[in-house]
Each structure stands twice: as C-alpha cells, then as structure tokens.
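Content type mmCIF, N, CA and C atoms, from the file upload.cif:
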data_model
#
loop_
_atom_site.label_atom_id
_atom_site.label_comp_id
_atom_site.auth_asym_id
_atom_site.auth_seq_id
_atom_site.Cartn_x
_atom_site.Cartn_y
_atom_site.Cartn_z
N MET Y 832 73.39 17.73 -212.84
CA MET Y 832 73.27 18.17 -214.21
C MET Y 832 71.88 18.78 -214.37
N ILE Y 833 71.86 19.93 -215.00
CA ILE Y 833 70.59 20.59 -215.32
C ILE Y 833 70.54 20.75 -216.83
N VAL Y 834 69.52 20.20 -217.44
CA VAL Y 834 69.33 20.31 -218.88
C VAL Y 834 68.22 21.34 -219.11
N LYS Y 835 68.50 22.33 -219.94
CA LYS Y 835 67.48 23.29 -220.32
C LYS Y 835 67.22 23.13 -221.81
N PRO Y 836 66.15 22.42 -222.15
CA PRO Y 836 65.86 22.20 -223.57
C PRO Y 836 65.35 23.48 -224.23
N PRO Y 837 65.36 23.52 -225.56
CA PRO Y 837 64.80 24.69 -226.24
C PRO Y 837 63.32 24.83 -225.90
N GLU Y 838 62.88 26.05 -225.74
CA GLU Y 838 61.49 26.27 -225.34
C GLU Y 838 60.50 25.77 -226.39
N GLN Y 839 60.93 25.69 -227.66
CA GLN Y 839 60.04 25.21 -228.72
C GLN Y 839 59.91 23.69 -228.73
N ALA Y 840 60.82 22.98 -228.06
CA ALA Y 840 60.82 21.52 -228.16
C ALA Y 840 61.29 20.87 -226.86
N PRO Y 841 60.57 21.05 -225.76
CA PRO Y 841 61.01 20.46 -224.50
C PRO Y 841 60.54 19.03 -224.27
N LEU Y 842 59.58 18.55 -225.07
CA LEU Y 842 58.93 17.28 -224.75
C LEU Y 842 59.86 16.07 -224.78
N SER Y 843 60.80 16.02 -225.73
CA SER Y 843 61.68 14.85 -225.79
C SER Y 843 62.59 14.81 -224.55
N THR Y 844 63.04 15.95 -224.07
CA THR Y 844 63.87 15.98 -222.87
C THR Y 844 63.06 15.59 -221.64
N LEU Y 845 61.83 16.07 -221.57
CA LEU Y 845 60.97 15.70 -220.44
C LEU Y 845 60.66 14.21 -220.48
N ARG Y 846 60.43 13.67 -221.66
CA ARG Y 846 60.17 12.23 -221.79
C ARG Y 846 61.41 11.43 -221.39
N PHE Y 847 62.58 11.89 -221.81
CA PHE Y 847 63.82 11.22 -221.42
C PHE Y 847 63.95 11.19 -219.90
N ALA Y 848 63.63 12.31 -219.25
CA ALA Y 848 63.70 12.36 -217.79
C ALA Y 848 62.74 11.35 -217.17
N GLU Y 849 61.58 11.18 -217.77
CA GLU Y 849 60.64 10.16 -217.28
C GLU Y 849 61.22 8.76 -217.43
N LEU Y 850 61.84 8.50 -218.56
CA LEU Y 850 62.37 7.16 -218.84
C LEU Y 850 63.51 6.78 -217.90
N ILE Y 851 64.33 7.74 -217.50
CA ILE Y 851 65.46 7.41 -216.64
C ILE Y 851 65.14 7.63 -215.16
N ASP Y 852 63.92 8.03 -214.86
CA ASP Y 852 63.53 8.26 -213.48
C ASP Y 852 63.80 7.02 -212.63
N GLY Y 853 64.52 7.21 -211.55
CA GLY Y 853 64.84 6.12 -210.66
C GLY Y 853 66.16 5.43 -210.97
N LEU Y 854 66.75 5.70 -212.13
CA LEU Y 854 68.03 5.06 -212.47
C LEU Y 854 69.22 5.78 -211.83
N LEU Y 855 69.07 7.06 -211.58
CA LEU Y 855 70.14 7.86 -211.00
C LEU Y 855 69.71 8.34 -209.62
N PRO Y 856 70.65 8.66 -208.78
CA PRO Y 856 70.28 9.21 -207.47
C PRO Y 856 69.51 10.53 -207.65
N PRO Y 857 68.59 10.84 -206.73
CA PRO Y 857 67.82 12.09 -206.83
C PRO Y 857 68.75 13.30 -206.97
N GLY Y 858 68.39 14.19 -207.87
CA GLY Y 858 69.13 15.43 -208.08
C GLY Y 858 70.27 15.35 -209.06
N VAL Y 859 70.58 14.17 -209.58
CA VAL Y 859 71.69 14.05 -210.52
C VAL Y 859 71.30 14.58 -211.90
N PHE Y 860 70.08 14.27 -212.35
CA PHE Y 860 69.61 14.73 -213.66
C PHE Y 860 68.35 15.57 -213.45
N ASN Y 861 68.40 16.81 -213.90
CA ASN Y 861 67.29 17.74 -213.71
C ASN Y 861 66.97 18.43 -215.02
N VAL Y 862 65.72 18.78 -215.23
CA VAL Y 862 65.29 19.50 -216.42
C VAL Y 862 64.69 20.83 -215.98
N ALA Y 863 65.15 21.91 -216.58
CA ALA Y 863 64.60 23.24 -216.34
C ALA Y 863 64.05 23.74 -217.67
N THR Y 864 62.73 23.82 -217.75
CA THR Y 864 62.12 24.32 -218.99
C THR Y 864 61.97 25.83 -218.91
N GLY Y 865 61.77 26.42 -220.06
CA GLY Y 865 61.56 27.86 -220.10
C GLY Y 865 62.25 28.47 -221.30
N GLY Y 866 62.17 29.75 -221.38
CA GLY Y 866 62.74 30.50 -222.50
C GLY Y 866 64.12 31.03 -222.19
N ARG Y 867 64.45 32.11 -222.85
CA ARG Y 867 65.76 32.74 -222.72
C ARG Y 867 66.07 33.11 -221.26
N GLU Y 868 65.04 33.55 -220.55
CA GLU Y 868 65.25 33.97 -219.15
C GLU Y 868 65.74 32.80 -218.30
N ALA Y 869 65.21 31.61 -218.54
CA ALA Y 869 65.65 30.43 -217.79
C ALA Y 869 67.11 30.13 -218.08
N GLY Y 870 67.49 30.20 -219.35
CA GLY Y 870 68.88 29.97 -219.72
C GLY Y 870 69.81 31.01 -219.12
N GLN Y 871 69.38 32.26 -219.14
CA GLN Y 871 70.20 33.33 -218.56
C GLN Y 871 70.36 33.14 -217.05
N ALA Y 872 69.29 32.72 -216.38
CA ALA Y 872 69.37 32.49 -214.94
C ALA Y 872 70.36 31.37 -214.62
N LEU Y 873 70.34 30.31 -215.42
CA LEU Y 873 71.28 29.20 -215.20
C LEU Y 873 72.72 29.63 -215.45
N THR Y 874 72.96 30.35 -216.54
CA THR Y 874 74.34 30.75 -216.86
C THR Y 874 74.89 31.75 -215.86
N ALA Y 875 74.01 32.54 -215.24
CA ALA Y 875 74.47 33.56 -214.29
C ALA Y 875 74.58 33.03 -212.87
N HIS Y 876 73.99 31.89 -212.58
CA HIS Y 876 73.96 31.39 -211.20
C HIS Y 876 75.34 30.97 -210.73
N ARG Y 877 75.73 31.46 -209.57
CA ARG Y 877 77.09 31.20 -209.07
C ARG Y 877 77.34 29.75 -208.69
N ASP Y 878 76.29 28.97 -208.47
CA ASP Y 878 76.47 27.56 -208.10
C ASP Y 878 76.60 26.63 -209.30
N VAL Y 879 76.45 27.17 -210.50
CA VAL Y 879 76.64 26.36 -211.71
C VAL Y 879 78.13 26.36 -212.02
N ALA Y 880 78.75 25.17 -211.91
CA ALA Y 880 80.21 25.06 -212.01
C ALA Y 880 80.72 25.01 -213.45
N MET Y 881 79.91 24.55 -214.38
CA MET Y 881 80.33 24.42 -215.77
C MET Y 881 79.10 24.58 -216.66
N LEU Y 882 79.33 25.10 -217.84
CA LEU Y 882 78.25 25.31 -218.79
C LEU Y 882 78.56 24.57 -220.09
N SER Y 883 77.56 23.92 -220.63
CA SER Y 883 77.70 23.24 -221.91
C SER Y 883 76.47 23.58 -222.74
N VAL Y 884 76.71 23.92 -223.99
CA VAL Y 884 75.61 24.35 -224.86
C VAL Y 884 75.67 23.61 -226.18
N ILE Y 885 74.52 23.13 -226.60
CA ILE Y 885 74.34 22.66 -227.97
C ILE Y 885 73.36 23.65 -228.58
N GLY Y 886 73.83 24.44 -229.50
CA GLY Y 886 72.95 25.47 -230.04
C GLY Y 886 73.63 26.34 -231.08
N SER Y 887 73.10 27.53 -231.20
CA SER Y 887 73.58 28.46 -232.22
C SER Y 887 74.85 29.18 -231.77
N VAL Y 888 75.51 29.79 -232.72
CA VAL Y 888 76.71 30.57 -232.42
C VAL Y 888 76.35 31.74 -231.50
N ALA Y 889 75.23 32.39 -231.75
CA ALA Y 889 74.81 33.52 -230.91
C ALA Y 889 74.60 33.08 -229.47
N THR Y 890 73.97 31.93 -229.27
CA THR Y 890 73.76 31.42 -227.92
C THR Y 890 75.09 31.07 -227.28
N GLY Y 891 75.98 30.45 -228.04
CA GLY Y 891 77.31 30.12 -227.53
C GLY Y 891 78.06 31.35 -227.05
N ARG Y 892 77.99 32.43 -227.83
CA ARG Y 892 78.65 33.68 -227.43
C ARG Y 892 78.07 34.21 -226.12
N ALA Y 893 76.75 34.19 -226.01
CA ALA Y 893 76.10 34.70 -224.80
C ALA Y 893 76.50 33.87 -223.59
N VAL Y 894 76.57 32.57 -223.75
CA VAL Y 894 76.95 31.70 -222.63
C VAL Y 894 78.41 31.93 -222.25
N MET Y 895 79.27 32.09 -223.23
CA MET Y 895 80.68 32.36 -222.93
C MET Y 895 80.84 33.67 -222.17
N ARG Y 896 80.08 34.69 -222.56
CA ARG Y 896 80.15 35.98 -221.85
C ARG Y 896 79.72 35.80 -220.40
N ALA Y 897 78.62 35.07 -220.19
CA ALA Y 897 78.13 34.86 -218.83
C ALA Y 897 79.13 34.04 -218.01
N ALA Y 898 79.75 33.07 -218.61
CA ALA Y 898 80.70 32.22 -217.90
C ALA Y 898 81.99 32.96 -217.55
N ALA Y 899 82.34 33.96 -218.35
CA ALA Y 899 83.59 34.69 -218.14
C ALA Y 899 83.60 35.39 -216.78
N ASP Y 900 82.46 35.89 -216.35
CA ASP Y 900 82.41 36.60 -215.07
C ASP Y 900 82.81 35.69 -213.91
N GLY Y 901 82.43 34.44 -213.96
CA GLY Y 901 82.76 33.51 -212.89
C GLY Y 901 83.94 32.62 -213.21
N ILE Y 902 84.60 32.85 -214.35
CA ILE Y 902 85.72 32.02 -214.81
C ILE Y 902 85.33 30.55 -214.73
N ARG Y 903 84.25 30.19 -215.40
CA ARG Y 903 83.78 28.81 -215.41
C ARG Y 903 84.06 28.17 -216.76
N PRO Y 904 84.36 26.88 -216.77
CA PRO Y 904 84.59 26.20 -218.04
C PRO Y 904 83.31 26.13 -218.87
N VAL Y 905 83.50 26.17 -220.18
CA VAL Y 905 82.39 26.13 -221.13
C VAL Y 905 82.71 25.10 -222.21
N LEU Y 906 81.72 24.28 -222.54
CA LEU Y 906 81.83 23.34 -223.65
C LEU Y 906 80.75 23.71 -224.66
N LEU Y 907 81.17 24.07 -225.86
CA LEU Y 907 80.22 24.50 -226.89
C LEU Y 907 80.16 23.49 -228.02
N GLU Y 908 78.96 23.12 -228.41
CA GLU Y 908 78.71 22.27 -229.58
C GLU Y 908 77.77 23.09 -230.46
N LEU Y 909 78.37 23.88 -231.32
CA LEU Y 909 77.59 24.82 -232.12
C LEU Y 909 77.42 24.26 -233.53
N GLY Y 910 76.29 23.67 -233.76
CA GLY Y 910 75.97 23.12 -235.07
C GLY Y 910 76.07 21.61 -235.15
N GLY Y 911 76.81 20.99 -234.26
CA GLY Y 911 76.91 19.54 -234.27
C GLY Y 911 75.66 18.91 -233.70
N LYS Y 912 75.34 17.73 -234.18
CA LYS Y 912 74.13 17.08 -233.70
C LYS Y 912 74.13 15.62 -234.08
N ASN Y 913 73.16 14.90 -233.61
CA ASN Y 913 72.82 13.56 -234.07
C ASN Y 913 73.99 12.57 -234.07
N ALA Y 914 74.58 12.41 -232.92
CA ALA Y 914 75.68 11.45 -232.81
C ALA Y 914 75.13 10.04 -232.64
N LEU Y 915 75.76 9.09 -233.29
CA LEU Y 915 75.48 7.68 -233.09
C LEU Y 915 76.64 7.15 -232.25
N ILE Y 916 76.32 6.48 -231.14
CA ILE Y 916 77.34 5.96 -230.24
C ILE Y 916 77.18 4.45 -230.18
N ALA Y 917 78.25 3.72 -230.48
CA ALA Y 917 78.21 2.26 -230.45
C ALA Y 917 79.25 1.74 -229.47
N PHE Y 918 78.79 0.93 -228.53
CA PHE Y 918 79.66 0.36 -227.52
C PHE Y 918 80.23 -0.98 -228.00
N ALA Y 919 81.15 -1.52 -227.25
CA ALA Y 919 81.87 -2.72 -227.64
C ALA Y 919 80.97 -3.93 -227.84
N ASP Y 920 79.83 -3.97 -227.15
CA ASP Y 920 78.96 -5.14 -227.25
C ASP Y 920 77.91 -5.02 -228.37
N ALA Y 921 77.97 -3.96 -229.14
CA ALA Y 921 77.01 -3.78 -230.23
C ALA Y 921 77.36 -4.66 -231.42
N ASP Y 922 76.35 -5.11 -232.14
CA ASP Y 922 76.53 -5.92 -233.34
C ASP Y 922 77.01 -4.99 -234.46
N PRO Y 923 78.21 -5.21 -235.01
CA PRO Y 923 78.76 -4.32 -236.04
C PRO Y 923 77.85 -4.13 -237.25
N SER Y 924 77.15 -5.19 -237.68
CA SER Y 924 76.28 -5.04 -238.85
C SER Y 924 75.07 -4.17 -238.52
N VAL Y 925 74.55 -4.28 -237.31
CA VAL Y 925 73.42 -3.44 -236.89
C VAL Y 925 73.86 -1.98 -236.80
N VAL Y 926 75.06 -1.76 -236.26
CA VAL Y 926 75.60 -0.40 -236.16
C VAL Y 926 75.77 0.21 -237.55
N ALA Y 927 76.36 -0.55 -238.45
CA ALA Y 927 76.57 -0.04 -239.82
C ALA Y 927 75.23 0.25 -240.49
N ASP Y 928 74.26 -0.64 -240.33
CA ASP Y 928 72.94 -0.40 -240.92
C ASP Y 928 72.30 0.87 -240.36
N ALA Y 929 72.46 1.08 -239.05
CA ALA Y 929 71.92 2.28 -238.42
C ALA Y 929 72.62 3.54 -238.93
N MET Y 930 73.93 3.44 -239.14
CA MET Y 930 74.67 4.59 -239.67
C MET Y 930 74.18 4.93 -241.08
N ILE Y 931 74.02 3.91 -241.91
CA ILE Y 931 73.57 4.13 -243.29
C ILE Y 931 72.16 4.70 -243.29
N ALA Y 932 71.27 4.13 -242.48
CA ALA Y 932 69.90 4.66 -242.40
C ALA Y 932 69.92 6.11 -241.92
N GLY Y 933 70.81 6.42 -240.99
CA GLY Y 933 70.90 7.77 -240.46
C GLY Y 933 71.52 8.77 -241.41
N MET Y 934 72.19 8.27 -242.44
CA MET Y 934 72.78 9.18 -243.43
C MET Y 934 71.74 9.76 -244.37
N ASN Y 935 70.54 9.19 -244.35
CA ASN Y 935 69.44 9.71 -245.15
C ASN Y 935 69.79 9.90 -246.62
N PHE Y 936 70.28 8.84 -247.24
CA PHE Y 936 70.60 8.91 -248.66
C PHE Y 936 69.37 9.30 -249.49
N THR Y 937 68.18 8.96 -248.99
CA THR Y 937 66.95 9.30 -249.71
C THR Y 937 66.85 10.81 -249.93
N TRP Y 938 67.35 11.58 -248.96
CA TRP Y 938 67.30 13.03 -249.08
C TRP Y 938 68.70 13.61 -249.33
N CYS Y 939 69.56 12.82 -249.90
CA CYS Y 939 70.94 13.24 -250.19
C CYS Y 939 71.66 13.73 -248.93
N GLY Y 940 71.27 13.18 -247.76
CA GLY Y 940 71.91 13.57 -246.52
C GLY Y 940 71.47 14.92 -246.00
N GLN Y 941 70.50 15.54 -246.65
CA GLN Y 941 70.06 16.89 -246.27
C GLN Y 941 68.83 16.80 -245.38
N SER Y 942 69.05 16.39 -244.17
CA SER Y 942 67.96 16.24 -243.21
C SER Y 942 68.49 16.63 -241.85
N CYS Y 943 67.69 17.36 -241.10
CA CYS Y 943 68.14 17.74 -239.76
C CYS Y 943 68.23 16.52 -238.85
N GLY Y 944 67.68 15.41 -239.29
CA GLY Y 944 67.76 14.18 -238.51
C GLY Y 944 68.86 13.24 -238.97
N SER Y 945 69.69 13.67 -239.91
CA SER Y 945 70.76 12.82 -240.40
C SER Y 945 71.82 12.59 -239.32
N THR Y 946 72.36 11.38 -239.28
CA THR Y 946 73.46 11.10 -238.36
C THR Y 946 74.66 11.90 -238.82
N SER Y 947 75.11 12.81 -237.97
CA SER Y 947 76.22 13.69 -238.32
C SER Y 947 77.57 13.13 -237.91
N ARG Y 948 77.57 12.31 -236.85
CA ARG Y 948 78.83 11.77 -236.33
C ARG Y 948 78.58 10.38 -235.80
N ALA Y 949 79.61 9.56 -235.79
CA ALA Y 949 79.50 8.23 -235.20
C ALA Y 949 80.72 7.99 -234.32
N PHE Y 950 80.47 7.60 -233.10
CA PHE Y 950 81.52 7.27 -232.15
C PHE Y 950 81.44 5.75 -231.94
N ILE Y 951 82.42 5.05 -232.47
CA ILE Y 951 82.41 3.59 -232.49
C ILE Y 951 83.52 3.07 -231.58
N HIS Y 952 83.19 2.16 -230.69
CA HIS Y 952 84.19 1.59 -229.79
C HIS Y 952 85.27 0.89 -230.62
N ALA Y 953 86.51 1.01 -230.17
CA ALA Y 953 87.65 0.43 -230.89
C ALA Y 953 87.50 -1.07 -231.11
N ALA Y 954 86.85 -1.76 -230.19
CA ALA Y 954 86.72 -3.22 -230.29
C ALA Y 954 85.90 -3.67 -231.50
N ILE Y 955 85.00 -2.82 -231.98
CA ILE Y 955 84.15 -3.19 -233.13
C ILE Y 955 84.36 -2.29 -234.33
N TYR Y 956 85.26 -1.33 -234.21
CA TYR Y 956 85.44 -0.31 -235.24
C TYR Y 956 85.72 -0.92 -236.62
N ASP Y 957 86.71 -1.78 -236.74
CA ASP Y 957 87.08 -2.33 -238.05
C ASP Y 957 85.92 -3.11 -238.69
N ALA Y 958 85.21 -3.88 -237.87
CA ALA Y 958 84.07 -4.65 -238.40
C ALA Y 958 82.95 -3.72 -238.86
N VAL Y 959 82.70 -2.66 -238.09
CA VAL Y 959 81.66 -1.69 -238.49
C VAL Y 959 82.05 -1.04 -239.81
N ILE Y 960 83.30 -0.65 -239.95
CA ILE Y 960 83.76 0.01 -241.18
C ILE Y 960 83.59 -0.93 -242.38
N GLU Y 961 83.89 -2.20 -242.20
CA GLU Y 961 83.73 -3.16 -243.30
C GLU Y 961 82.25 -3.30 -243.68
N HIS Y 962 81.37 -3.42 -242.71
CA HIS Y 962 79.93 -3.49 -243.00
C HIS Y 962 79.45 -2.20 -243.63
N LEU Y 963 79.98 -1.09 -243.17
CA LEU Y 963 79.60 0.22 -243.70
C LEU Y 963 80.04 0.34 -245.17
N ARG Y 964 81.25 -0.12 -245.46
CA ARG Y 964 81.75 -0.08 -246.84
C ARG Y 964 80.84 -0.89 -247.75
N ARG Y 965 80.51 -2.10 -247.33
CA ARG Y 965 79.63 -2.95 -248.14
C ARG Y 965 78.26 -2.32 -248.33
N GLY Y 966 77.71 -1.79 -247.26
CA GLY Y 966 76.37 -1.19 -247.33
C GLY Y 966 76.33 0.04 -248.22
N CYS Y 967 77.33 0.90 -248.11
CA CYS Y 967 77.36 2.11 -248.94
C CYS Y 967 77.65 1.78 -250.40
N THR Y 968 78.46 0.78 -250.65
CA THR Y 968 78.76 0.37 -252.02
C THR Y 968 77.50 -0.14 -252.73
N ALA Y 969 76.58 -0.72 -251.97
CA ALA Y 969 75.35 -1.26 -252.57
C ALA Y 969 74.35 -0.17 -252.96
N ILE Y 970 74.56 1.04 -252.46
CA ILE Y 970 73.64 2.14 -252.78
C ILE Y 970 73.99 2.69 -254.15
N ARG Y 971 73.01 2.78 -254.99
CA ARG Y 971 73.19 3.31 -256.35
C ARG Y 971 72.36 4.57 -256.52
N PRO Y 972 73.01 5.74 -256.43
CA PRO Y 972 72.24 6.98 -256.62
C PRO Y 972 71.76 7.12 -258.05
N GLY Y 973 70.73 7.84 -258.22
CA GLY Y 973 70.18 8.07 -259.56
C GLY Y 973 68.75 8.52 -259.50
N LEU Y 974 68.11 8.54 -260.62
CA LEU Y 974 66.72 8.95 -260.68
C LEU Y 974 65.85 7.89 -260.03
N PRO Y 975 64.90 8.31 -259.21
CA PRO Y 975 64.03 7.34 -258.57
C PRO Y 975 63.12 6.67 -259.60
N ASP Y 976 62.70 5.45 -259.30
CA ASP Y 976 61.80 4.72 -260.20
C ASP Y 976 60.40 5.28 -260.15
#
Rewrite the structure of this file - the entire thing - as structure tokens.
Amino acid sequence: MIVKPPEQAPLSTLRFAELIDGLLPPGVFNVATGGREAGQALTAHRDVAMLSVIGSVATGRAVMRAAADGIRPVLLELGGKNALIAFADADPSVVADAMIAGMNFTWCGQSCGSTSRAFIHAAIYDAVIEHLRRGCTAIRPGLPD
C-alpha cells in the first residue's frame, strides 16, 4: 500500500507511519509525499494494481482517467470523511459518547472534523443506538448562556 497524503497536510500520515512502524512487514505500508506530480506518477505506474482516492471530484476524475489506460480498479471516496469505527469489544456507551462528541452540536455539525459516518459492529450496534438515543435526547439546542 502506498499512501500519498495531500501536499498541504502530510504530517499526520507521516506520524501514523511512525506509530505503526514495525507492526507490519517491511514494504506493506508506504508513504509517498509530494504534489500533483507524485500523484500522477503513482496513478500512471504500471505496477500499481488498484487506485483509491479520498479527495475532490476533479481528482477522482483524473485518477479514473489514468486508471482506464491500464484497466485497473478504482475506489473513490469523494467528499466522505471522518468515519468512526467501533469493533465488537468496544464499550457501547463510550462509542455513543464519541459519536455525539464527533457530531459537533456546538457548531451545528458544521465542522470539517465532524464525524460523518459510523461503522458499528453488529454485536454492539443495538446498545450503541440506545446510548446514542439517550445522549442526543439530552441535548437541548437554543441560545447559548
């Protein structure tokens, strides 16, 4: 896997690579920094078997065009972001609290850091939904004090 972060914000991806260093076999997770040229080189390279993009519609179109020449699969996430993922061993009340905090009610949900999606394991789904219902019901919108 080669991750090419946006040139304006590569530090979180580089830090993530530092944090997982040694957890995966060498060469499994790689980071390629750079601008548009780096992305174009990756999309055009014949040894890249699949392309996945989280980005703008324009970038998605460019990647699809590049992938078409080699008939390679493409996965596009254009506009989606900030997924919360909860596994079966997670505490449902903690998950629900994290979802509510991520909804950014303080800013009416209008934050680029708002949790946009939640993927909850089936084993805890019903309990998370119940905690979520209680937590959201307790929120009273209105004029701030």
Checklist outcome for this item: Students should find that atom CA of Y:Val862 and atom CA of Y:Pro841 are spaced 9.2 Å
With the PyMOL selection byres ((chain Y and resi 882) around 7) as the selection, what would be picked from this file? Answer as a CSV table (one decimal) with N, CA and C atoms, in the coordinates of the input, please.
chain,number,residue,atom,x,y,z
Y,874,THR,N,73.0,30.4,-216.5
Y,874,THR,CA,74.3,30.8,-216.9
Y,874,THR,C,74.9,31.8,-215.9
Y,879,VAL,N,76.4,27.2,-210.5
Y,879,VAL,CA,76.6,26.4,-211.7
Y,879,VAL,C,78.1,26.4,-212.0
Y,880,ALA,N,78.8,25.2,-211.9
Y,880,ALA,CA,80.2,25.1,-212.0
Y,880,ALA,C,80.7,25.0,-213.4
Y,881,MET,N,79.9,24.6,-214.4
Y,881,MET,CA,80.3,24.4,-215.8
Y,881,MET,C,79.1,24.6,-216.7
Y,883,SER,N,77.6,23.9,-220.6
Y,883,SER,CA,77.7,23.2,-221.9
Y,883,SER,C,76.5,23.6,-222.7
Y,884,VAL,N,76.7,23.9,-224.0
Y,884,VAL,CA,75.6,24.4,-224.9
Y,884,VAL,C,75.7,23.6,-226.2
Y,903,ARG,N,84.2,30.2,-215.4
Y,903,ARG,CA,83.8,28.8,-215.4
Y,903,ARG,C,84.1,28.2,-216.8
Y,904,PRO,N,84.4,26.9,-216.8
Y,904,PRO,CA,84.6,26.2,-218.0
Y,904,PRO,C,83.3,26.1,-218.9
Y,905,VAL,N,83.5,26.2,-220.2
Y,905,VAL,CA,82.4,26.1,-221.1
Y,905,VAL,C,82.7,25.1,-222.2
Y,906,LEU,N,81.7,24.3,-222.5
Y,906,LEU,CA,81.8,23.3,-223.6
Y,906,LEU,C,80.8,23.7,-224.7
Y,907,LEU,N,81.2,24.1,-225.9
Y,907,LEU,CA,80.2,24.5,-226.9
Y,907,LEU,C,80.2,23.5,-228.0
Checklist entry - If you apply the PyMOL selection byres ((chain Y and resi 833) around 7) to this file, what residues do you get, as a ChimeraX atom specification? => result /Y:832,834-835,859-863
Taking N, CA and C atoms for each residue, export the selection above as a PDB file, in the frame of the given file.
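The resulting file, selection.pdb, is shown below:
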ATOM      1  N   MET Y 832      73.390  17.730-212.840  1.00  0.00           N
ATOM      2  CA  MET Y 832      73.270  18.170-214.210  1.00  0.00           C
ATOM      3  C   MET Y 832      71.880  18.780-214.370  1.00  0.00           C
ATOM      4  N   VAL Y 834      69.520  20.200-217.440  1.00  0.00           N
ATOM      5  CA  VAL Y 834      69.330  20.310-218.880  1.00  0.00           C
ATOM      6  C   VAL Y 834      68.220  21.340-219.110  1.00  0.00           C
ATOM      7  N   LYS Y 835      68.500  22.330-219.940  1.00  0.00           N
ATOM      8  CA  LYS Y 835      67.480  23.290-220.320  1.00  0.00           C
ATOM      9  C   LYS Y 835      67.220  23.130-221.810  1.00  0.00           C
ATOM     10  N   VAL Y 859      70.580  14.170-209.580  1.00  0.00           N
ATOM     11  CA  VAL Y 859      71.690  14.050-210.520  1.00  0.00           C
ATOM     12  C   VAL Y 859      71.300  14.580-211.900  1.00  0.00           C
ATOM     13  N   PHE Y 860      70.080  14.270-212.350  1.00  0.00           N
ATOM     14  CA  PHE Y 860      69.610  14.730-213.660  1.00  0.00           C
ATOM     15  C   PHE Y 860      68.350  15.570-213.450  1.00  0.00           C
ATOM     16  N   ASN Y 861      68.400  16.810-213.900  1.00  0.00           N
ATOM     17  CA  ASN Y 861      67.290  17.740-213.710  1.00  0.00           C
ATOM     18  C   ASN Y 861      66.970  18.430-215.020  1.00  0.00           C
ATOM     19  N   VAL Y 862      65.720  18.780-215.230  1.00  0.00           N
ATOM     20  CA  VAL Y 862      65.290  19.500-216.420  1.00  0.00           C
ATOM     21  C   VAL Y 862      64.690  20.830-215.980  1.00  0.00           C
ATOM     22  N   ALA Y 863      65.150  21.910-216.580  1.00  0.00           N
ATOM     23  CA  ALA Y 863      64.600  23.240-216.340  1.00  0.00           C
ATOM     24  C   ALA Y 863      64.050  23.740-217.670  1.00  0.00           C
TER      25      ALA Y 863
END
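Selection check: the PyMOL selection byres (((chain Y and resi 931 and name CA) around 10) and name CA) on the shown file gives Val925, Val926, Ala927, Asp928, Ala929, Met930, Ala932, Gly933, Met934, Asn935, Phe936, Ser945, Thr946, His962, Leu963, Arg964, Gly966, Cys967 and Ile970 of chain Y.
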Checklist entry - Using only C-alpha atoms, which of Y:Leu854, Y:Ala872, Y:Ser924, Y:Gly886 sits nearest Y:Arg965? => result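 Counting only C-alpha atoms, the residue closest to Y:Arg965 is Y:Ser924.
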All heavy atoms modelled onto stretch 884-888 of chain Y, as a PDB file, in the frame of the given file:
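Saved file rebuild_2.pdb follows:
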ATOM      1  N   VAL Y 884      76.710  23.920-223.990  1.00  0.00           N
ATOM      2  CA  VAL Y 884      75.610  24.350-224.860  1.00  0.00           C
ATOM      3  C   VAL Y 884      75.670  23.610-226.180  1.00  0.00           C
ATOM      4  O   VAL Y 884      76.735  23.484-226.796  1.00  0.00           O
ATOM      5  CB  VAL Y 884      75.694  25.867-225.140  1.00  0.00           C
ATOM      6  CG1 VAL Y 884      74.672  26.299-226.160  1.00  0.00           C
ATOM      7  CG2 VAL Y 884      75.533  26.658-223.872  1.00  0.00           C
ATOM      8  N   ILE Y 885      74.520  23.130-226.600  1.00  0.00           N
ATOM      9  CA  ILE Y 885      74.340  22.660-227.970  1.00  0.00           C
ATOM     10  C   ILE Y 885      73.360  23.650-228.580  1.00  0.00           C
ATOM     11  O   ILE Y 885      72.203  23.714-228.159  1.00  0.00           O
ATOM     12  CB  ILE Y 885      73.761  21.234-228.012  1.00  0.00           C
ATOM     13  CG1 ILE Y 885      74.706  20.270-227.322  1.00  0.00           C
ATOM     14  CG2 ILE Y 885      73.492  20.809-229.452  1.00  0.00           C
ATOM     15  CD1 ILE Y 885      74.142  18.886-227.111  1.00  0.00           C
ATOM     16  N   GLY Y 886      73.830  24.440-229.500  1.00  0.00           N
ATOM     17  CA  GLY Y 886      72.950  25.470-230.040  1.00  0.00           C
ATOM     18  C   GLY Y 886      73.630  26.340-231.080  1.00  0.00           C
ATOM     19  O   GLY Y 886      74.613  25.944-231.704  1.00  0.00           O
ATOM     20  N   SER Y 887      73.100  27.530-231.200  1.00  0.00           N
ATOM     21  CA  SER Y 887      73.580  28.460-232.220  1.00  0.00           C
ATOM     22  C   SER Y 887      74.850  29.180-231.770  1.00  0.00           C
ATOM     23  O   SER Y 887      75.195  29.198-230.583  1.00  0.00           O
ATOM     24  CB  SER Y 887      72.495  29.509-232.511  1.00  0.00           C
ATOM     25  OG  SER Y 887      72.350  30.367-231.384  1.00  0.00           O
ATOM     26  N   VAL Y 888      75.510  29.790-232.720  1.00  0.00           N
ATOM     27  CA  VAL Y 888      76.710  30.570-232.420  1.00  0.00           C
ATOM     28  C   VAL Y 888      76.350  31.740-231.500  1.00  0.00           C
ATOM     29  O   VAL Y 888      77.073  32.034-230.542  1.00  0.00           O
ATOM     30  CB  VAL Y 888      77.387  31.059-233.715  1.00  0.00           C
ATOM     31  CG1 VAL Y 888      78.514  32.036-233.417  1.00  0.00           C
ATOM     32  CG2 VAL Y 888      77.903  29.868-234.518  1.00  0.00           C
TER      33      VAL Y 888
END
